[in-house]
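Data block below; observations after.
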Amino acid sequence: MRQIRKNNTNIIKRKFLYVCEYILFIFLGKYQIPAGTQYAILIYDLHRLGEQFVEPLKFRPERFQMEPTWHPYAYLPFSAGPRNCMGQKFAMMELKLTLSALLRRYRLLPVTKPEDIIFRFDYVLRVKDPIYVKLELRSEDKLNR
Ligand code: HEM
């Protein structure tokens, strides 16, 4: 069965929640989903699925080097398909450049505890209060001062 999906522009699209519409009927397991059905992919939950990710709630950056254990469509930070993020490669490059410039001089230490973070569902996923981190000069920089 060919599946065709379109993003529905008449309804609110949120990056933690993709809202889309099937324009052909499809089968999901034993269920037949009629054409025109609107469905949502809750990205927040998708990225925390235990059957896809090893210890999904744990900060394990090595998962991106050693695995992936997940299905290609189980990790969608930039969405997928023809309307995925056009700036994906640029955003990743910008992130790496900024972080490497920062980490070369500073050690980043946590202040806000993960369990104290309260999420707010806005156009994008936001946090209620600021997340604080402490920047500590790396020792070589301390000696040069
Ligand atoms: C970490 C940063 C970013 C994330 C997580 C992100 C994520 C996304 C996601 C999930 C979508 C699909 C939205 C939807 O279906 O409604 C999207 C679309 C888009 N993004 Fe990004 N984005 C990022 C940075 C950027 C940057 C830096 C640019 C431009 C320089 C950009 C340009 C776009 C454009 C033009 C679209 C619309 C594509 C289309 O509708 O055909 N994004 N982004």
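Following the order of the structure tokens, first chain is A, next is B, and so on, with residues numbered from 1 inside each chain and ligands from 1 in the order they appear.
Residues with any atom within 12 Å of Pro56 in chain A, counting only C-alpha atoms and excluding same-chain neighbours fewer than 6 positions away, are Tyr44, Asp45, Leu46, His47, Arg48, Leu49, Gly50, Arg63, Thr69, Trp70 and Tyr75 of chain A.
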Only N, CA and C atoms, please: the residues just picked out, written as a compact mmCIF listing (two decimals), in the first residue's frame.
# COMPACT_ATOMS: atom_id res chain seq x y z
N TYR A 44 7.90 14.49 21.25
CA TYR A 44 8.40 14.42 22.63
C TYR A 44 8.39 12.96 23.12
N ASP A 45 7.28 12.26 22.88
CA ASP A 45 7.18 10.86 23.31
C ASP A 45 7.96 9.93 22.39
N LEU A 46 7.90 10.21 21.09
CA LEU A 46 8.61 9.36 20.12
C LEU A 46 10.09 9.24 20.49
N HIS A 47 10.70 10.37 20.88
CA HIS A 47 12.12 10.37 21.19
C HIS A 47 12.44 9.75 22.56
N ARG A 48 11.39 9.33 23.27
CA ARG A 48 11.61 8.71 24.58
C ARG A 48 11.11 7.27 24.61
N LEU A 49 10.94 6.67 23.44
CA LEU A 49 10.43 5.29 23.39
C LEU A 49 11.50 4.29 23.81
N GLY A 50 11.20 3.52 24.85
CA GLY A 50 12.15 2.54 25.38
C GLY A 50 12.49 1.45 24.39
N ARG A 63 25.31 7.54 22.22
CA ARG A 63 24.34 6.77 21.45
C ARG A 63 24.42 7.14 19.96
N THR A 69 20.12 2.32 17.41
CA THR A 69 19.26 1.16 17.62
C THR A 69 17.87 1.46 17.06
N TRP A 70 17.65 2.68 16.70
CA TRP A 70 16.28 3.10 16.38
C TRP A 70 15.99 3.01 14.88
N TYR A 75 13.56 8.91 15.02
CA TYR A 75 14.29 10.09 15.51
C TYR A 75 14.11 11.20 14.48
Nearest to Phe78 in chain A, chosen from A:Leu109, A:Met66, A:Ala91, A:Lys58, with only C-alpha atoms counted in the distances: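 Answer, going by the shortest atom-to-atom distance: A:Ala91.
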Nearest to ligand 1, chosen from A:Pro77, A:Pro61, A:Pro110, A:Gly29, with only C-alpha atoms and all ligand atoms counted in the distances: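 Once distances to ligand 1 are computed over only C-alpha atoms and all ligand atoms, the minimum belongs to A:Pro77.
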What's the 9 Å shell around Arg107 in chain A, counting only C-alpha atoms, without same-chain residues fewer than 2 positions away, as a PDB file with C-alpha atoms, in the first residue's frame?
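out_37.pdb was written with the following content:
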ATOM      1  CA  LEU A 102      32.845  27.455  23.978  1.00  0.00           C
ATOM      2  CA  LEU A 103      34.152  24.090  25.190  1.00  0.00           C
ATOM      3  CA  ARG A 104      37.718  24.878  24.174  1.00  0.00           C
ATOM      4  CA  ARG A 105      37.823  27.619  26.842  1.00  0.00           C
ATOM      5  CA  LEU A 109      28.714  22.693  34.786  1.00  0.00           C
ATOM      6  CA  LYS A 134      27.984  27.535  35.095  1.00  0.00           C
ATOM      7  CA  LEU A 135      30.983  28.335  32.906  1.00  0.00           C
ATOM      8  CA  GLU A 136      34.325  27.516  34.482  1.00  0.00           C
ATOM      9  CA  LEU A 137      37.531  28.627  32.759  1.00  0.00           C
ATOM     10  CA  ARG A 138      39.673  25.637  31.776  1.00  0.00           C
TER      11      ARG A 138
END
Spatial neighbours of range 117-120 of chain A, 12 Å, only C-alpha atoms, chain gap at least 4 places, as a PyMOL selection string: chain A and resi 16+44+111-113+124-132
Using only C-alpha atoms and all ligand atoms: which of A:Ala35, A:Leu76, A:Ala40, A:Val54 has the shortest distance to ligand 1: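 So, comparing all the options, the nearest one is A:Leu76.
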